[in-house]
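Dropping my_file28.tsv in here (TSV, C-alpha atoms and all ligand atoms):
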chain	number	residue	atom	x	y	z
O	9	MET	CA	-9.93	-62.48	-30.12
O	10	SER	CA	-10.34	-60.73	-26.82
O	11	ALA	CA	-13.57	-60.53	-24.90
O	12	VAL	CA	-15.71	-57.44	-25.02
O	13	ASP	CA	-14.27	-54.35	-23.40
O	14	VAL	CA	-16.08	-54.82	-20.13
O	15	ASP	CA	-14.64	-51.70	-18.50
O	16	GLN	CA	-16.00	-49.54	-21.28
O	17	PHE	CA	-19.46	-51.04	-20.89
O	18	ARG	CA	-19.33	-50.79	-17.12
O	19	THR	CA	-18.66	-47.08	-17.45
O	20	ARG	CA	-21.50	-46.65	-19.91
O	21	LEU	CA	-23.86	-48.63	-17.72
O	22	LEU	CA	-22.99	-46.58	-14.66
O	23	VAL	CA	-23.54	-43.32	-16.57
O	24	GLU	CA	-26.84	-44.59	-17.92
O	25	ARG	CA	-27.84	-45.84	-14.49
O	26	GLN	CA	-27.28	-42.41	-12.99
O	27	ARG	CA	-29.33	-40.85	-15.77
O	28	VAL	CA	-32.22	-43.22	-15.08
O	29	VAL	CA	-31.99	-42.66	-11.33
O	30	ASP	CA	-32.12	-38.91	-11.93
O	31	ALA	CA	-35.14	-39.37	-14.19
O	32	ILE	CA	-36.94	-41.37	-11.51
O	33	ASP	CA	-36.06	-38.68	-8.96
O	34	ASN	CA	-37.56	-36.08	-11.29
O	35	ILE	CA	-40.75	-38.08	-11.55
O	36	HIS	CA	-40.93	-38.44	-7.78
O	37	SER	CA	-40.38	-34.77	-7.15
O	38	GLU	CA	-43.24	-34.23	-9.56
O	39	ASN	CA	-43.90	-30.56	-10.05
O	40	PRO	CA	-45.99	-30.03	-13.19
O	41	GLY	CA	-45.68	-26.27	-13.03
O	42	SER	CA	-41.95	-26.46	-13.61
O	43	LEU	CA	-42.00	-28.89	-16.50
O	44	ALA	CA	-41.89	-26.09	-19.04
O	45	ASP	CA	-38.72	-24.79	-17.43
O	46	GLU	CA	-36.91	-28.06	-17.77
O	47	THR	CA	-35.55	-27.42	-21.23
O	48	GLU	CA	-32.99	-30.15	-20.77
O	49	GLU	CA	-35.71	-32.75	-20.51
O	50	PRO	CA	-36.49	-33.80	-24.10
O	51	LEU	CA	-39.21	-36.23	-23.06
O	52	PHE	CA	-41.66	-33.44	-22.37
O	53	GLN	CA	-40.85	-31.04	-25.17
O	54	ASP	CA	-43.34	-32.06	-27.80
O	55	ASN	CA	-46.42	-32.40	-25.65
O	56	HIS	CA	-48.65	-29.61	-26.84
O	57	LEU	CA	-51.93	-31.05	-25.66
O	58	GLY	CA	-54.97	-29.22	-24.36
O	59	ASP	CA	-54.95	-28.04	-20.74
O	60	VAL	CA	-57.52	-30.58	-19.60
O	61	ALA	CA	-55.77	-33.47	-21.26
O	62	THR	CA	-52.36	-32.36	-20.09
O	63	ALA	CA	-52.83	-33.03	-16.40
O	64	THR	CA	-54.04	-36.55	-17.04
O	65	PHE	CA	-51.44	-37.06	-19.69
O	66	ASP	CA	-48.65	-35.88	-17.39
O	67	ARG	CA	-49.76	-38.30	-14.69
O	68	GLU	CA	-49.96	-41.20	-17.11
O	69	MET	CA	-46.72	-40.17	-18.73
O	70	ALA	CA	-44.98	-40.00	-15.37
O	71	SER	CA	-46.36	-43.39	-14.46
O	72	THR	CA	-45.25	-44.91	-17.75
O	73	LEU	CA	-41.88	-43.25	-17.49
O	74	GLU	CA	-41.42	-44.55	-14.00
O	75	ASP	CA	-42.39	-48.06	-15.06
O	76	ASN	CA	-39.99	-47.90	-17.97
O	77	SER	CA	-37.24	-46.31	-15.91
O	78	THR	CA	-37.59	-48.85	-13.14
O	79	HIS	CA	-37.49	-51.60	-15.71
O	80	VAL	CA	-34.38	-50.19	-17.38
O	81	LEU	CA	-32.79	-49.70	-13.99
O	82	SER	CA	-33.23	-53.38	-13.17
O	83	GLU	CA	-31.82	-54.31	-16.59
O	84	ILE	CA	-28.79	-52.10	-15.96
O	85	ASP	CA	-28.26	-53.54	-12.49
O	86	ALA	CA	-28.49	-57.05	-13.95
O	87	ALA	CA	-25.92	-56.14	-16.61
O	88	LEU	CA	-23.57	-54.74	-13.96
O	89	ALA	CA	-24.03	-57.95	-11.98
O	90	ARG	CA	-23.13	-59.95	-15.09
O	91	ILE	CA	-19.99	-57.87	-15.49
O	92	GLU	CA	-19.02	-58.74	-11.90
O	93	ALA	CA	-19.88	-62.40	-12.56
O	94	GLY	CA	-17.85	-62.45	-15.75
O	95	THR	CA	-20.82	-63.41	-17.93
O	96	PHE	CA	-21.41	-60.01	-19.52
O	97	GLY	CA	-21.91	-60.22	-23.28
O	98	THR	CA	-22.96	-63.87	-23.17
O	99	CYS	CA	-26.34	-64.72	-24.65
O	100	GLN	CA	-28.57	-66.08	-21.91
O	101	ALA	CA	-30.40	-68.36	-24.34
O	102	CYS	CA	-27.65	-70.02	-26.38
O	103	GLY	CA	-24.52	-69.15	-24.41
O	104	GLY	CA	-22.92	-67.56	-27.45
O	105	PRO	CA	-21.70	-63.97	-27.71
O	106	VAL	CA	-24.37	-61.27	-27.72
O	107	GLY	CA	-22.23	-59.35	-30.17
O	108	GLU	CA	-20.32	-56.16	-29.57
O	109	ASP	CA	-22.36	-54.15	-32.07
O	110	ARG	CA	-25.49	-55.11	-30.22
O	111	LEU	CA	-23.98	-54.25	-26.86
O	112	GLU	CA	-22.90	-50.90	-28.25
O	113	ALA	CA	-26.53	-50.19	-29.05
O	114	LEU	CA	-27.95	-51.77	-25.90
O	115	PRO	CA	-25.34	-52.43	-23.20
O	116	TRP	CA	-27.79	-54.40	-21.06
O	117	ALA	CA	-28.88	-56.74	-23.87
O	118	THR	CA	-29.12	-60.32	-22.61
O	119	LEU	CA	-29.78	-62.14	-25.89
O	120	CYS	CA	-27.91	-62.36	-29.17
O	121	ILE	CA	-29.82	-60.93	-32.11
O	122	GLU	CA	-30.98	-64.35	-33.31
O	123	ASP	CA	-32.44	-65.33	-29.97
O	124	LYS	CA	-33.94	-61.87	-29.59
O	125	ARG	CA	-35.72	-62.31	-32.90
O	126	LYS	CA	-36.94	-65.74	-31.86
O	127	GLN	CA	-38.24	-64.24	-28.63
O	128	GLU	CA	-40.01	-61.41	-30.45
O	129	ARG	CA	-41.64	-63.87	-32.80
O	130	GLY	CA	-42.92	-65.63	-29.69
O	201	ZN	ZN	-28.24	-66.57	-28.46
Could you write out this file's structure as structure tokens?
Amino acid sequence: MSAVDVDQFRTRLLVERQRVVDAIDNIHSENPGSLADETEEPLFQDNHLGDVATATFDREMASTLEDNSTHVLSEIDAALARIEAGTFGTCQACGGPVGEDRLEALPWATLCIEDKRKQERG
């Protein structure tokens, strides 16, 4: 039984981190007129709202996206720190393994599925 393939997850985290940083940059260089041209940005593709609603929606969307992106960014940074600390893949609640399947789905997961469920149940 070897530990999780930390190098693989580090690479994934770094790729994902760059993607999030780019997304935040896009939000900051906000330019609503060019949104329609950004065909590579799936987040905005299905928003066929009225003109009046769109401006407000775009602002709120950008704000929400930035909140989410900033949050994910901190999660990714924390995961990278755990890799450096040698605690990556360890559940922060019970100290057991988070589980490789779970890390595959969410490389910055901090809880095993059982503790995650407990947390979600409150
Ligand atoms: Zn746990």
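Closest to ligand ZN 201 (chain O) among O:Thr95, O:Ser71, O:Asn76, O:Thr118 is O:Thr118, based on all atoms listed in the file.
When all atoms listed in the file are used to measure the gap to Asp75 (chain O), the shortest distance among O:Ala31, O:Glu112, O:Arg125, O:Gly130 belongs to O:Ala31.
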With all atoms listed in the file as the counted atoms, please give the residues lying no more than 12 Å from Gln16 (chain O), apart from itself and same-chain residues fewer than 5 positions off, as a count of residues only.
11
Show me, as CSV, the residues of chain O having an atom within 8 Å of ligand ZN 201 (chain O), each with the closest atom pair and its distance in Å, using all atoms listed in the file.
residue,atom,partner,partner_atom,distance
O:Thr98,CA,O:ZN201,ZN,7.9
O:Cys99,CA,O:ZN201,ZN,4.6
O:Gln100,CA,O:ZN201,ZN,6.6
O:Ala101,CA,O:ZN201,ZN,5.0
O:Cys102,CA,O:ZN201,ZN,4.1
O:Gly103,CA,O:ZN201,ZN,6.1
O:Gly104,CA,O:ZN201,ZN,5.5
O:Pro105,CA,O:ZN201,ZN,7.1
O:Val106,CA,O:ZN201,ZN,6.6
O:Leu119,CA,O:ZN201,ZN,5.3
O:Cys120,CA,O:ZN201,ZN,4.3
O:Ile121,CA,O:ZN201,ZN,6.9
O:Glu122,CA,O:ZN201,ZN,6.0
O:Asp123,CA,O:ZN201,ZN,4.6
O:Lys124,CA,O:ZN201,ZN,7.5
Point out the residue among O:Glu24, O:Glu128, O:Asp33, O:Asp15 with the least atom-to-atom distance to Ala70 (chain O), counting all atoms listed in the file.
O:Asp33
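You can rank O:Asp66, O:Asp85, O:Glu92, O:Asp13 by their closest distance to Gln26 (chain O) using all atoms listed in the file, and at the top of that list sits O:Asp85.
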I'd like the interatomic distance between CA of His36 (chain O) and CA of Thr62 (chain O), to a tenth of an Å.
17.9 Å
For CA of Arg20 (chain O) and CA of Asn34 (chain O), the interatomic separation in Å (one decimal):
21.1 Å
Interatomic distance (Å, one decimal) between CA of Ala86 (chain O) and CA of Trp116 (chain O)
7.6 Å
Which one is closest to Met69 (chain O): O:Ile35, O:Leu81, O:Ala93, O:Val14? Count only C-alpha atoms.
O:Ile35
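Shortest atom-to-atom contact with Arg27 (chain O) among O:Arg67, O:Ala61, O:Thr78, O:Arg129: O:Thr78, counting all atoms listed in the file.
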Leaving out Ser77 (chain O) and any residue of its chain fewer than 3 positions from it, which residues lie within 9 Å of it when counting all atoms listed in the file, given as a PyMOL selection string?
chain O and resi 28-29+31-32+72-74+80-82
